[in-house]
Structure formats: C-alpha cells, structure tokens
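Raw contents of model-v4.txt, compact mmCIF, C-alpha atoms:
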# COMPACT_ATOMS: atom_id res chain seq x y z
CA MET E 1 13.51 -27.55 108.47
CA ASN E 2 12.16 -30.93 107.53
CA VAL E 3 12.20 -32.52 104.16
CA PRO E 4 8.66 -32.79 102.89
CA GLU E 5 8.43 -36.14 101.21
CA SER E 6 4.75 -36.91 101.35
CA ASP E 7 2.47 -37.05 98.37
CA ALA E 8 0.95 -33.79 99.57
CA ALA E 9 4.33 -32.10 99.24
CA LEU E 10 4.54 -33.28 95.66
CA ALA E 11 1.03 -32.35 94.76
CA PRO E 12 1.23 -28.60 94.05
CA ALA E 13 3.04 -28.94 90.76
CA LEU E 14 0.40 -31.25 89.43
CA ALA E 15 -2.86 -30.06 90.94
CA ALA E 16 -3.63 -26.62 89.57
CA PRO E 17 -4.14 -25.72 85.94
CA THR E 18 -1.35 -23.90 84.17
CA VAL E 19 -1.20 -20.18 84.77
CA GLY E 20 -0.44 -19.38 81.15
CA THR E 21 1.90 -16.45 80.57
CA ALA E 22 4.23 -15.39 77.83
CA ARG E 23 7.15 -15.26 80.26
CA LYS E 24 10.38 -16.97 79.28
CA ALA E 25 12.92 -18.74 81.47
CA VAL E 26 16.36 -20.02 80.69
CA ALA E 27 17.39 -23.17 82.57
CA LEU E 28 20.77 -24.63 83.41
CA ILE E 29 20.58 -28.17 82.09
CA SER E 30 23.17 -30.60 83.40
CA GLY E 31 21.60 -33.76 82.05
CA GLY E 32 20.68 -34.94 85.53
CA LEU E 33 17.31 -35.41 87.13
CA ASP E 34 17.11 -32.24 89.23
CA SER E 35 17.35 -29.76 86.39
CA MET E 36 14.96 -31.93 84.40
CA LEU E 37 12.38 -31.72 87.19
CA ALA E 38 12.95 -28.00 87.77
CA VAL E 39 12.18 -27.31 84.11
CA ARG E 40 9.06 -29.43 84.06
CA VAL E 41 7.75 -27.83 87.27
CA VAL E 42 8.04 -24.40 85.64
CA GLN E 43 6.73 -25.60 82.26
CA GLU E 44 3.64 -26.80 84.11
CA GLN E 45 2.94 -23.16 84.88
CA GLY E 46 2.93 -22.17 81.25
CA ILE E 47 6.43 -20.71 81.12
CA HIS E 48 8.42 -21.04 77.90
CA VAL E 49 11.76 -22.61 78.80
CA GLU E 50 14.99 -22.99 76.87
CA GLY E 51 18.09 -24.68 78.22
CA LEU E 52 21.77 -23.88 78.46
CA ASN E 53 24.56 -26.39 78.88
CA PHE E 54 28.16 -25.31 79.31
CA PHE E 55 31.16 -27.21 78.00
CA THR E 56 34.09 -26.62 80.36
CA GLY E 57 36.34 -29.46 79.21
CA PHE E 58 36.04 -31.19 82.58
CA CYS E 59 32.66 -32.82 81.99
CA VAL E 60 32.69 -36.53 82.75
CA GLU E 61 29.67 -37.33 80.70
CA GLY E 62 30.16 -38.23 77.10
CA HIS E 63 33.90 -38.22 76.74
CA THR E 64 34.99 -41.32 78.57
CA HIS E 65 32.04 -43.19 77.13
CA ALA E 66 32.83 -41.94 73.66
CA ILE E 67 36.49 -42.87 73.93
CA ARG E 68 36.40 -46.20 75.68
CA LYS E 69 35.08 -49.24 73.87
CA THR E 70 34.65 -51.01 77.20
CA ASP E 71 31.79 -48.60 77.92
CA SER E 72 30.04 -49.62 74.73
CA ALA E 73 27.05 -51.04 76.60
CA ARG E 74 26.16 -47.56 77.82
CA PRO E 75 24.37 -45.22 75.47
CA LYS E 76 26.80 -42.86 73.76
CA ARG E 77 24.76 -39.74 74.07
CA ASN E 78 24.86 -36.30 75.61
CA ASN E 79 22.46 -36.46 78.53
CA ALA E 80 21.70 -32.74 78.46
CA LEU E 81 20.50 -33.07 74.86
CA TRP E 82 18.53 -36.15 75.73
CA VAL E 83 16.87 -34.37 78.66
CA ALA E 84 16.06 -31.36 76.48
CA GLU E 85 14.37 -33.59 73.94
CA GLN E 86 12.32 -35.30 76.66
CA LEU E 87 11.23 -31.88 77.92
CA GLY E 88 10.57 -30.54 74.44
CA ILE E 89 12.84 -27.54 74.89
CA LYS E 90 15.65 -26.04 72.86
CA LEU E 91 19.12 -26.58 74.29
CA HIS E 92 22.01 -24.24 73.57
CA ILE E 93 25.43 -25.78 74.24
CA ILE E 94 28.07 -23.17 74.90
CA ASP E 95 31.83 -23.59 74.77
CA VAL E 96 33.24 -21.85 77.86
CA VAL E 97 36.61 -23.60 77.96
CA GLU E 98 38.65 -20.39 77.86
CA GLN E 99 36.54 -18.37 80.31
CA TYR E 100 36.35 -21.32 82.68
CA LYS E 101 40.12 -21.42 83.22
CA ASP E 102 39.90 -18.54 85.67
CA VAL E 103 37.26 -20.43 87.65
CA VAL E 104 39.52 -23.48 87.91
CA LEU E 105 42.74 -21.63 88.60
CA ASN E 106 41.57 -18.76 90.81
CA PRO E 107 38.41 -19.73 92.68
CA ARG E 108 37.42 -16.99 95.12
CA HIS E 109 35.67 -19.49 97.33
CA GLY E 110 38.34 -22.18 97.17
CA TYR E 111 38.13 -25.84 96.29
CA GLY E 112 36.13 -28.77 97.57
CA ALA E 113 37.72 -32.10 98.41
CA HIS E 114 39.89 -32.03 95.28
CA MET E 115 40.16 -29.28 92.67
CA ASN E 116 36.42 -28.77 92.37
CA PRO E 117 35.58 -25.07 92.65
CA CYS E 118 31.87 -25.83 92.99
CA LEU E 119 30.65 -22.52 94.37
CA ASP E 120 32.61 -20.42 91.89
CA CYS E 121 31.53 -22.79 89.14
CA LYS E 122 27.85 -22.39 89.91
CA GLY E 123 28.24 -18.63 90.16
CA PHE E 124 30.04 -18.59 86.82
CA MET E 125 27.34 -20.63 85.10
CA VAL E 126 24.50 -18.57 86.51
CA ARG E 127 26.35 -15.40 85.43
CA GLN E 128 26.68 -16.84 81.91
CA ALA E 129 22.98 -17.68 81.97
CA HIS E 130 22.18 -14.17 83.16
CA ASP E 131 24.14 -12.66 80.27
CA TRP E 132 22.33 -14.98 77.87
CA MET E 133 18.97 -14.07 79.43
CA LEU E 134 19.61 -10.38 78.86
CA ALA E 135 20.88 -10.88 75.32
CA HIS E 136 17.85 -12.97 74.33
CA ASN E 137 15.12 -11.06 76.19
CA PHE E 138 14.26 -13.82 78.60
CA ASP E 139 12.77 -13.02 82.02
CA PHE E 140 14.42 -15.24 84.58
CA ILE E 141 16.76 -18.16 85.24
CA ILE E 142 15.97 -21.54 86.76
CA THR E 143 18.27 -24.17 88.19
CA GLY E 144 17.73 -27.59 89.72
CA GLU E 145 19.53 -26.70 92.95
CA VAL E 146 18.23 -28.22 96.16
CA ILE E 147 19.21 -26.76 99.53
CA GLY E 148 21.54 -29.06 101.42
CA GLN E 149 22.11 -31.46 98.59
CA ARG E 150 25.73 -30.57 97.88
CA PRO E 151 28.21 -29.70 100.62
CA MET E 152 29.74 -26.71 98.89
CA SER E 153 27.47 -25.03 96.39
CA GLN E 154 23.98 -26.05 97.45
CA ARG E 155 23.67 -24.79 101.01
CA SER E 156 21.23 -22.24 102.35
CA LYS E 157 24.14 -19.87 103.05
CA THR E 158 25.69 -20.16 99.61
CA MET E 159 22.57 -19.88 97.49
CA PRO E 160 22.29 -16.11 98.04
CA VAL E 161 26.01 -15.82 97.26
CA ILE E 162 25.44 -17.39 93.84
CA ALA E 163 22.46 -15.12 93.16
CA HIS E 164 24.42 -12.04 94.19
CA GLU E 165 27.80 -12.74 92.59
CA SER E 166 26.29 -13.91 89.32
CA GLY E 167 24.35 -10.68 88.95
CA ALA E 168 21.13 -12.66 88.56
CA GLY E 169 19.79 -11.49 91.92
CA ASP E 170 16.08 -12.14 92.35
CA ARG E 171 15.69 -13.35 88.79
CA LEU E 172 17.23 -16.65 89.85
CA LEU E 173 14.53 -19.18 90.74
CA ARG E 174 15.19 -22.60 92.26
CA PRO E 175 11.84 -24.33 91.77
CA LEU E 176 12.74 -27.39 93.84
CA SER E 177 13.61 -25.43 97.00
CA ALA E 178 11.79 -22.18 96.30
CA GLN E 179 9.51 -22.33 99.33
CA PHE E 180 12.53 -22.38 101.64
CA LEU E 181 14.01 -19.29 99.98
CA PRO E 182 12.91 -15.65 99.82
CA ALA E 183 10.39 -15.02 97.06
CA THR E 184 12.04 -14.15 93.77
CA LEU E 185 10.85 -11.68 91.17
CA PRO E 186 8.99 -14.31 89.10
CA GLU E 187 7.09 -15.30 92.24
CA ARG E 188 6.37 -11.77 93.45
CA GLU E 189 5.19 -10.70 90.02
CA GLY E 190 2.96 -13.73 89.70
CA TRP E 191 4.74 -15.10 86.66
CA VAL E 192 4.90 -18.35 88.58
CA ASP E 193 2.78 -19.51 91.49
CA ARG E 194 5.04 -20.01 94.51
CA GLU E 195 2.52 -22.43 96.02
CA ARG E 196 3.11 -24.80 93.11
CA LEU E 197 6.87 -24.83 93.61
CA HIS E 198 8.63 -27.08 96.11
CA ALA E 199 10.28 -26.99 99.50
CA TRP E 200 12.84 -29.73 99.17
CA HIS E 201 15.87 -29.81 101.39
CA GLY E 202 18.63 -32.27 102.09
CA ARG E 203 20.33 -35.16 100.42
CA SER E 204 17.36 -37.50 100.15
CA ARG E 205 16.50 -38.38 96.57
CA ARG E 206 13.07 -39.67 97.38
CA PRO E 207 11.10 -36.53 96.44
CA GLN E 208 12.92 -36.35 93.12
CA ILE E 209 12.29 -39.97 92.30
CA GLU E 210 8.62 -39.70 93.24
CA LEU E 211 8.06 -36.57 91.19
CA ALA E 212 9.95 -38.12 88.26
CA ALA E 213 7.53 -41.04 88.40
CA ARG E 214 4.55 -38.67 88.41
CA PHE E 215 5.91 -36.83 85.42
CA GLY E 216 6.49 -40.13 83.65
CA PHE E 217 10.25 -39.76 83.57
CA ASP E 218 11.24 -43.41 83.73
CA GLU E 219 14.76 -42.91 82.40
CA TYR E 220 17.26 -40.35 83.61
CA ALA E 221 20.94 -40.07 84.42
CA GLN E 222 21.80 -41.29 87.89
CA PRO E 223 22.26 -38.36 90.24
CA ALA E 224 25.10 -37.42 92.54
CA GLY E 225 28.21 -35.56 92.06
CA GLY E 226 30.03 -37.50 89.38
CA CYS E 227 29.64 -34.98 86.61
CA CYS E 228 32.99 -33.18 86.86
CA PHE E 229 36.51 -34.54 86.66
CA LEU E 230 37.67 -31.78 89.01
CA ALA E 231 35.92 -33.67 91.80
CA ASP E 232 37.77 -36.88 90.90
CA LYS E 233 40.84 -37.65 93.02
CA ASN E 234 42.75 -39.58 90.36
CA TYR E 235 42.12 -36.94 87.73
CA THR E 236 43.22 -34.05 89.92
CA VAL E 237 46.44 -35.86 90.86
CA LYS E 238 47.27 -35.82 87.14
CA LEU E 239 46.19 -32.21 86.76
CA LYS E 240 48.44 -31.09 89.63
CA ASP E 241 51.29 -33.09 88.12
CA LEU E 242 50.71 -31.24 84.83
CA PHE E 243 51.02 -27.90 86.62
CA ARG E 244 54.19 -29.00 88.45
CA SER E 245 55.84 -30.26 85.29
CA ARG E 246 55.09 -27.01 83.49
CA ARG E 247 56.13 -24.87 86.45
CA GLY E 248 52.86 -23.04 86.22
CA ARG E 249 49.12 -23.42 86.68
CA ARG E 250 47.98 -23.33 83.07
CA TYR E 251 46.40 -25.73 80.61
CA GLU E 252 44.92 -26.06 77.17
CA LEU E 253 41.90 -28.13 76.17
CA ASP E 254 44.05 -30.92 74.73
CA ASP E 255 45.90 -31.21 78.05
CA ILE E 256 42.79 -31.78 80.09
CA MET E 257 41.30 -34.12 77.49
CA LEU E 258 44.39 -36.32 77.54
CA LEU E 259 44.23 -36.53 81.33
CA LYS E 260 41.00 -38.47 80.83
CA VAL E 261 42.62 -41.29 78.88
CA GLY E 262 45.34 -43.88 79.30
CA ARG E 263 47.86 -44.75 81.96
CA HIS E 264 50.05 -41.79 82.84
CA LEU E 265 53.62 -42.63 83.90
CA ARG E 266 56.29 -40.10 84.72
CA PRO E 267 59.68 -41.87 84.77
CA ALA E 268 61.54 -38.54 84.96
CA PRO E 269 60.56 -34.99 85.88
CA GLY E 270 60.85 -33.71 82.33
CA TYR E 271 58.41 -35.97 80.53
CA LYS E 272 55.58 -38.42 80.96
CA LEU E 273 54.18 -41.28 78.93
CA ILE E 274 50.49 -41.68 78.18
CA ILE E 275 49.76 -45.30 77.30
CA ALA E 276 46.41 -46.35 75.88
CA ARG E 277 44.50 -48.96 77.87
CA GLU E 278 42.28 -50.29 75.09
CA ASP E 279 41.29 -49.85 71.45
CA GLY E 280 39.01 -46.91 71.99
CA GLU E 281 41.81 -44.99 73.65
CA ASN E 282 44.21 -46.05 70.88
CA ASN E 283 41.84 -44.54 68.33
CA PHE E 284 41.42 -41.34 70.31
CA MET E 285 45.15 -40.89 70.92
CA ARG E 286 45.98 -41.41 67.25
CA GLY E 287 44.53 -37.96 66.73
CA TYR E 288 47.41 -36.55 68.80
CA ARG E 289 50.31 -38.09 66.85
CA ARG E 290 50.91 -34.77 65.08
CA GLN E 291 51.37 -33.06 68.44
CA PHE E 292 53.44 -35.58 70.37
CA THR E 293 56.18 -38.09 69.71
CA SER E 294 54.45 -41.47 69.70
CA LEU E 295 55.58 -45.04 70.27
CA ARG E 296 54.05 -48.40 69.48
CA SER E 297 55.21 -51.97 69.14
CA VAL E 298 55.35 -53.14 65.53
CA SER E 299 56.45 -56.70 66.32
CA HIS E 300 53.63 -57.47 68.72
CA ALA E 301 50.12 -56.13 69.29
CA GLY E 302 50.16 -53.35 71.82
CA PRO E 303 49.02 -49.89 72.79
CA LEU E 304 49.89 -46.49 71.41
CA ALA E 305 51.95 -44.29 73.72
CA LEU E 306 52.51 -40.54 73.59
CA ILE E 307 55.40 -38.66 75.19
CA ASP E 308 54.58 -35.29 76.69
CA GLY E 309 57.52 -33.12 77.73
CA VAL E 310 61.24 -32.79 77.11
CA PHE E 311 63.32 -35.92 76.63
CA ASP E 312 66.64 -37.17 75.27
CA GLU E 313 67.78 -40.38 73.59
CA GLN E 314 68.13 -42.25 76.88
CA ASP E 315 64.63 -41.21 77.83
CA LEU E 316 63.35 -42.46 74.48
CA LEU E 317 65.00 -45.82 75.04
CA LEU E 318 63.35 -46.12 78.45
CA ALA E 319 60.02 -44.99 77.00
CA ALA E 320 60.32 -47.68 74.31
CA ARG E 321 61.05 -50.35 76.93
CA ILE E 322 58.05 -49.21 78.99
CA THR E 323 55.82 -49.24 75.91
CA ALA E 324 57.07 -52.76 75.14
CA ARG E 325 56.13 -53.77 78.68
CA PHE E 326 52.48 -53.13 77.83
CA CYS E 327 52.44 -55.05 74.53
CA GLN E 328 51.85 -58.74 73.99
CA GLY E 329 55.59 -59.32 73.72
CA ARG E 330 56.17 -58.18 77.29
CA ASP E 331 57.83 -61.50 78.21
CA GLU E 332 59.97 -61.73 75.06
CA GLN E 333 63.66 -60.88 74.90
CA SER E 334 63.15 -58.27 72.23
CA VAL E 335 60.33 -56.14 70.91
CA GLU E 336 60.49 -53.78 67.96
CA VAL E 337 59.09 -50.36 68.81
CA GLU E 338 58.36 -47.66 66.25
CA ILE E 339 59.07 -44.10 67.37
CA ALA E 340 57.38 -41.41 65.30
CA SER E 341 57.96 -37.69 65.55
CA PRO E 342 55.09 -35.22 65.27
CA ALA E 343 56.34 -34.43 61.76
CA GLY E 344 55.86 -38.10 60.84
CA ALA E 345 59.48 -39.24 60.71
CA ALA E 346 59.65 -42.75 62.10
CA ARG E 347 62.41 -45.10 63.19
CA ASN E 348 62.40 -48.45 64.91
CA LEU E 349 64.20 -49.55 68.05
CA ILE E 350 64.61 -53.14 69.18
CA VAL E 351 64.37 -53.18 72.95
CA THR E 352 63.98 -55.55 75.84
CA PRO E 353 60.68 -54.88 77.63
CA LEU E 354 61.00 -53.72 81.20
CA ARG E 355 60.23 -56.39 83.72
CA SER E 356 57.20 -55.69 85.85
CA ASP E 357 59.39 -55.05 88.90
CA GLU E 358 61.37 -52.49 86.91
CA VAL E 359 58.30 -50.32 86.34
CA GLN E 360 58.45 -48.15 89.42
CA LYS E 361 55.19 -47.66 91.29
CA GLU E 362 55.95 -43.99 91.83
CA TRP E 363 56.00 -43.45 88.06
CA TYR E 364 52.25 -43.95 87.94
CA LEU E 365 50.19 -40.79 88.28
CA MET V 1 19.83 -23.00 48.95
CA SER V 2 23.40 -24.09 49.50
CA ARG V 3 25.09 -27.36 50.33
CA ASN V 4 27.63 -27.20 53.10
CA GLU V 5 30.11 -29.56 54.76
CA LEU V 6 31.45 -29.56 58.30
CA ASP V 7 34.52 -31.51 59.36
CA ALA V 8 34.06 -32.43 63.02
CA ARG V 9 36.43 -35.40 62.94
CA ASN V 10 38.63 -36.05 66.00
CA LEU V 11 36.40 -33.90 68.17
CA LEU V 12 34.64 -35.33 71.17
CA CYS V 13 31.10 -34.59 72.22
CA PRO V 14 29.85 -31.96 72.69
CA MET V 15 32.25 -30.19 70.33
CA PRO V 16 30.73 -31.71 67.13
CA VAL V 17 27.34 -30.45 68.34
CA ILE V 18 28.71 -27.01 69.17
CA ARG V 19 30.37 -26.75 65.75
CA THR V 20 27.13 -27.86 64.10
CA GLN V 21 25.13 -25.34 66.13
CA ASP V 22 27.52 -22.52 65.21
CA ARG V 23 27.59 -23.43 61.54
CA ILE V 24 23.83 -23.72 61.23
CA ALA V 25 23.49 -20.27 62.79
CA GLU V 26 25.17 -18.94 59.64
CA LEU V 27 22.92 -20.82 57.20
CA ASN V 28 19.52 -20.03 55.70
CA ASP V 29 16.23 -21.86 55.46
CA GLY V 30 16.55 -24.80 53.06
CA ASP V 31 20.34 -24.99 53.17
CA THR V 32 21.84 -28.38 53.90
CA LEU V 33 24.76 -29.24 56.13
CA THR V 34 26.61 -32.55 56.08
CA VAL V 35 28.61 -33.19 59.25
CA HIS V 36 31.48 -35.68 59.33
CA ALA V 37 32.48 -36.87 62.82
CA THR V 38 34.43 -39.68 64.44
CA ASP V 39 32.85 -39.55 67.90
CA PRO V 40 30.18 -42.27 67.83
CA GLY V 41 28.07 -40.20 70.20
CA ALA V 42 27.55 -37.69 67.38
CA LEU V 43 25.25 -40.21 65.69
CA HIS V 44 22.74 -39.61 68.47
CA ASP V 45 23.59 -36.10 69.62
CA ILE V 46 23.59 -34.14 66.36
CA PRO V 47 20.20 -35.49 65.24
CA ALA V 48 18.85 -34.82 68.75
CA TRP V 49 20.11 -31.24 68.64
CA SER V 50 18.67 -30.82 65.15
CA ARG V 51 15.23 -32.12 66.14
CA ILE V 52 14.86 -29.91 69.20
CA HIS V 53 15.80 -26.87 67.13
CA GLY V 54 13.36 -27.75 64.38
CA HIS V 55 15.82 -28.75 61.67
CA LEU V 56 15.24 -31.76 59.45
CA VAL V 57 17.60 -34.72 59.70
CA LEU V 58 17.87 -36.13 56.18
CA ASP V 59 20.33 -38.89 56.99
CA ALA V 60 22.37 -40.19 59.90
CA ALA V 61 24.68 -43.11 59.35
CA THR V 62 27.94 -44.72 60.31
CA VAL V 63 30.23 -45.05 57.31
CA GLY V 64 33.37 -47.01 58.15
CA ASP V 65 34.91 -45.34 61.20
CA GLU V 66 32.96 -42.15 60.68
CA VAL V 67 29.56 -40.78 61.43
CA ARG V 68 27.82 -38.75 58.72
CA ILE V 69 24.74 -36.65 59.38
CA GLN V 70 22.91 -34.59 56.79
CA ILE V 71 20.64 -31.79 58.00
CA ARG V 72 18.27 -29.42 56.21
CA VAL V 73 18.03 -26.07 57.95
CA ARG V 74 14.55 -24.88 58.93
CA ARG V 75 13.92 -21.32 60.06

Using the file provided, produce a representation of the structure as structure tokens.
Amino acid sequence: MNVPESDAALAPALAAPTVGTARKAVALISGGLDSMLAVRVVQEQGIHVEGLNFFTGFCVEGHTHAIRKTDSARPKRNNALWVAEQLGIKLHIIDVVEQYKDVVLNPRHGYGAHMNPCLDCKGFMVRQAHDWMLAHNFDFIITGEVIGQRPMSQRSKTMPVIAHESGAGDRLLRPLSAQFLPATLPEREGWVDRERLHAWHGRSRRPQIELAARFGFDEYAQPAGGCCFLADKNYTVKLKDLFRSRRGRRYELDDIMLLKVGRHLRPAPGYKLIIAREDGENNFMRGYRRQFTSLRSVSHAGPLALIDGVFDEQDLLLAARITARFCQGRDEQSVEVEIASPAGAARNLIVTPLRSDEVQKEWYL
Amino acid sequence: MSRNELDARNLLCPMPVIRTQDRIAELNDGDTLTVHATDPGALHDIPAWSRIHGHLVLDAATVGDEVRIQIRVRR
C-alpha cells in the first residue's frame, strides 16, 4: 500500500458539500494534530462532534511546563482544550487515574520500548469512549489513528484488536486511514461518506501538514510520540525504582507526579531524596511538605529536598549533607540545613556539604 | 442564583479543569463559581473550558501567586 500524498488524495474532504445529518460522534482528543484533523474531516460532513480527553497521570503535556519556570517561554496551556476551542467542540476531560493503573501494571499486550503499554492504552481509551458514547446517546467514535504511524498501537494488525477489545467494534471510525480499513457502521449507513475520508498510511507527516494548511490550522502541537512519560526512558527508570523500593508494583498519583520533578538520588535502599532543580520545582514540591520530611539550607540559597522512604538519624545527616551540596554554600565548610517533619516540627543541623566526588553516580536515578 | 468557591490550589493541570467541570455540573443557570488555583496554566485552561461549554468568564486574573477565575454558569 502506498501513501497517497498528492493534492488529489487530500481533496475529498474539501470538495463535496456537507452531507448534513443529526448523527453525533465522540472523538479522542490528544491535543495533537492527527485527532484535530480527524475531527475536522468528520465535521465537514455535518457530524456533531464532542471530544474526550483522559487524564492518566502520565501525560507529559502541561505538567512539566506548569512546574518548571525554565519552560516559561512555552504557552502554559492544555493542548487538548486549545484544540477543542479551535474546532469549536465541547471537550470533556475525564480523570481515569485509578482505572488506568491496571493498564500500566498488567498490560495484556505487553510494553513497548519502556513501560508504555500503548496497545492496551488505546484499547482502554476507546472502551472508555464507547461507554461514554452509550451513556450520552452518541452514534460512533472517531480517533486520529493512522495505520503504520506508531510501531505498537497503530498497525494494520492491531487496529482490529482495539476495535474488538474495546467493545466499540464497527462504531470505531479512523477518518485518516478509513479507506484502508473495512467499512465501519457510520460508512455503511451513510452517516459519513467513505469517499471523503482518507487513506493515509505510514510515518510520513506530509499529508497531515498539507491538510492542516488547507484547513487553516497554522498552529498545533508538534506530533510524535512524546505525550506519555511511560515512553520516556529516564522516567521509567524512576518508576521501576519506586516499585523495587516498595517491594510491589503499585503507585498513587502523588508518586507518579513527583517522578516528573527534581533530581532523584537513592543513597540507600530504604529511602531516596528528591531535590528541586529550579524555583518552579521548589514551589511545586512545597505542596508536599506535609507528606514528606523536607530539607533546605537556611544559611545559603538552595533547593528544597524531600525524603521518601524509611530513614534513621545517620541517613538524615547524609541527606542534609547532600542537600547542602546543591546549595550555594556547596564549597563552604559548614551549611545550616533545616529539617522539617510532615507535622511541621523543624530543627537545624550544621553540616559539611558533600564534595562532588562523594556524591556517588549510582545514587542518581 | 448562588455564589460558589472552588479551591484548586496545589493541583496541576488538568485537575483544576476537571474539578471545575465537576463542580459546574452541580450548579444551575446563573450561579457563579470562583476558582482559586496555583497552576499558572489554569489561567488559560479554565476560561478555555468555560468558553467551549458556553459558560461566561466574568474574570480571570493572577493575584499574587494564585490564579483566580470567576465563571457564570449558562445552561
């Protein structure tokens, strides 16, 4: 199968007048270009579309930008909401943190390169959309999937798996690759005109970029794979360390949020230190001082650190010396470090900062 | 018509939006909701969510380290 990239291949969505029906579709909106295009292609046929966006806790977008001041040049916005507003559709954001744990911990189809359970994830989201569709009397589901674009979840062999396992069956329409797939119910019933859908395949972004230009979408999130921390090597190293330290594969939302911020150092098996890297992270981590013992230099400017785990007095002393290593008094003989318990009780230790060669490389996660 | 407050401080996007969405689902036409958040992204996201759902954004401002958004519910 070839990738149709000519103007003729792009033409169907723009050429014919809208069909005009009262049918309603619910769309998975990631905030990226593909789902944006898929919605507009279907809107062009007179379908009423509303969007769903699922919050799993592992989303890259938003959080790191919100936390880190160094990202201040980038717009602090939720791209799915922004896309919905450009498309003129309602967007429903749904918290699936609890339900999603089973997807992360027990994926039937396994993981990708890291801990990304992409196929199970897509099946889960389509199943959620299917439930929503039934509850709200919508007619079908649309996604921005393109055959061959992703190695795990967007292959010709896996697309039927998603449709089947989600329960959506032939009410799942992929407008961007529809002509390479068996006709779905919306196509067979004439709710949408199959000839005005697309036959995209492969990893090329050219058809998307060309259609975006025709639709007048001159601003959109850059595509490709970086939307989930579970596909990030550094993040999953920390997640696996969390599981090891707890002797079990389990997590809470706060755990996975804190893996997104700071330097993580584990000087001993029983505890780790999370040390802020800049002011934005300091501000974010302050919200956790009632959950963790915290440390900070009071004699010199420096970062906030949190201790996660079980520790004794010797561990606290080492943690204070490590924290001092990251403050502006790192080369001084003594630094005063405040140690505060979650209950708010504070005491100060005067410590000598660790030398750089005393901070073991293997402590870093 | 009632006046309502929502504390979404120390939550990161999209949680302030989700809390706003859930709270507004419980309110009636003409009610107002004032959301207090610390995530700077809320200054854009909550008004965007409100607009696409047809609610009226009365005010959106940064006050000190906080974001404050006032919304009038439209049904």

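With only C-alpha atoms as the basis for measurement, E:Gly280 is the residue among E:Gly262, E:Gly280, E:Gly270, E:Gly112 that approaches chain V most closely.
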
*So which residues touch Pro353 in chain E within 12 Å, counting only C-alpha atoms, skipping near sequence neighbours fewer than 5 positions away, as a list of chain:residue names?*
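Contacts, in chain order: E:Ser297, E:His300, E:Leu317, E:Leu318, E:Ala319, E:Ala320, E:Arg321, E:Ile322, E:Thr323, E:Ala324, E:Arg325, E:Phe326, E:Cys327, E:Gln328, E:Gly329, E:Arg330, E:Asp331, E:Glu332, E:Gln333, E:Ser334, E:Val335, E:Glu336, E:Val337, E:Glu358, E:Val359.
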
*Between V:Ile69, V:Met1, V:Leu27, V:Leu12, which is the closest to chain E once you count all atoms listed in the file?*
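That would be V:Leu12, the residue with the smallest distance to chain E.
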
*Taking only C-alpha atoms into account, which of V:Leu58, V:Ala37, V:Ala25, V:Leu43 comes nearest chain E?*
V:Leu43

Tell me, as a compact mmCIF listing (two decimals) with C-alpha atoms, in the coordinates of the input, which residues lie within 9 Å of Ile24 in chain V, counting only C-alpha atoms; anything in the same chain fewer than 5 positions away does not count.
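File produced: out21.txt:
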# COMPACT_ATOMS: atom_id res chain seq x y z
CA ARG V 19 30.37 -26.75 65.75
CA ASP V 31 20.34 -24.99 53.17
CA THR V 32 21.84 -28.38 53.90
CA LEU V 33 24.76 -29.24 56.13
CA VAL V 73 18.03 -26.07 57.95

*Would you kindly report the residues of chain V within 7 Å of chain E, using all atoms listed in the file, as an MDAnalysis selection string?*
chainID V and resid 10 12:13 18 39:41 44:45 48:49 52:53

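The two atoms in question, CA of Lys238 in chain E and CA of Cys121 in chain E, are spaced 20.5 Å apart.
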
*Can you pull out every residue within 12 Å of Pro342 in chain E, counting all atoms listed in the file, but drop anything in the same chain fewer than 6 positions away, and send it as a ChimeraX atom specification?*
/E:286-295,306-308

I need the residues from that last selection saved to file as a PDB file, in the coordinates of the input (with C-alpha atoms), if you can.
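As a result, selection-v5.pdb now contains:
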ATOM      1  CA  ARG E 286      45.980 -41.410  67.250  1.00  0.00           C
ATOM      2  CA  GLY E 287      44.530 -37.960  66.730  1.00  0.00           C
ATOM      3  CA  TYR E 288      47.410 -36.550  68.800  1.00  0.00           C
ATOM      4  CA  ARG E 289      50.310 -38.090  66.850  1.00  0.00           C
ATOM      5  CA  ARG E 290      50.910 -34.770  65.080  1.00  0.00           C
ATOM      6  CA  GLN E 291      51.370 -33.060  68.440  1.00  0.00           C
ATOM      7  CA  PHE E 292      53.440 -35.580  70.370  1.00  0.00           C
ATOM      8  CA  THR E 293      56.180 -38.090  69.710  1.00  0.00           C
ATOM      9  CA  SER E 294      54.450 -41.470  69.700  1.00  0.00           C
ATOM     10  CA  LEU E 295      55.580 -45.040  70.270  1.00  0.00           C
ATOM     11  CA  LEU E 306      52.510 -40.540  73.590  1.00  0.00           C
ATOM     12  CA  ILE E 307      55.400 -38.660  75.190  1.00  0.00           C
ATOM     13  CA  ASP E 308      54.580 -35.290  76.690  1.00  0.00           C
TER      14      ASP E 308
END

*Can you list, as a ChimeraX atom specification, every protein, DNA or RNA residue that comes within 6 Å of range 199-215 of chain E when you count all atoms listed in the file, leaving out same-chain residues fewer than 5 positions away?*
/E:3,5,146-149,176-180

_Within 7 Å of (57.1, -45.9, 87.3) (file coordinates; all atoms listed in the file), which protein or nucleic acid residues are there? I'd like them as a list of chain:residue names._
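Every residue inside that radius is included here: E:Leu265, E:Arg266, E:Pro267, E:Val359, E:Gln360, E:Lys361, E:Glu362, E:Trp363, E:Tyr364.
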
Could you write out the selected residues, including C-alpha atoms, as an mmCIF file, keeping the file's coordinate frame?
data_model
loop_
_atom_site.group_PDB
_atom_site.id
_atom_site.type_symbol
_atom_site.label_atom_id
_atom_site.label_comp_id
_atom_site.auth_asym_id
_atom_site.auth_seq_id
_atom_site.Cartn_x
_atom_site.Cartn_y
_atom_site.Cartn_z
ATOM 1 C CA LEU E 265 53.620 -42.630 83.900
ATOM 2 C CA ARG E 266 56.290 -40.100 84.720
ATOM 3 C CA PRO E 267 59.680 -41.870 84.770
ATOM 4 C CA VAL E 359 58.300 -50.320 86.340
ATOM 5 C CA GLN E 360 58.450 -48.150 89.420
ATOM 6 C CA LYS E 361 55.190 -47.660 91.290
ATOM 7 C CA GLU E 362 55.950 -43.990 91.830
ATOM 8 C CA TRP E 363 56.000 -43.450 88.060
ATOM 9 C CA TYR E 364 52.250 -43.950 87.940
#

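Take CA of Ala25 in chain E and CA of Ile141 in chain E: the distance between them is 5.4 Å.
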
*Might you pull out every residue within 10 Å of Ser50 in chain V, with only C-alpha atoms counted and same-chain residues fewer than 3 positions away left off, and present them as a list in words?*
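Counting only C-alpha atoms, the residues come to Lys90 of chain E; Val17, Thr20, Gln21, Ile24, Asp45, Ile46, Pro47, His53, Gly54, His55, Leu56, Val57, Ile71, Arg72, Val73 and Arg74 of chain V.
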
*Using all atoms listed in the file, can you list as a VMD selection string the residues within 12 Å of (30.9, -43.4, 58.1)?*
chain V and resid 9 34 to 40 42 to 43 59 to 70

*Out of E:Leu259, E:Val126, E:Val39, E:Leu304, which residue has the shortest atom-to-atom distance to Asp279 in chain E when counting all atoms listed in the file?*
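Result for the nearest residue to Asp279 in chain E: E:Leu304.
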
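Counting only C-alpha atoms, the residue from E:Glu98, E:Asp34, E:Asp120, E:Glu313 that sits nearest to Thr56 in chain E is E:Glu98.
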
*To one decimal place, how far is CA of Val83 in chain E from CA of Met125 in chain E in Å?*
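Atom-to-atom, CA of Val83 in chain E to CA of Met125 in chain E, that is 18.4 Å.
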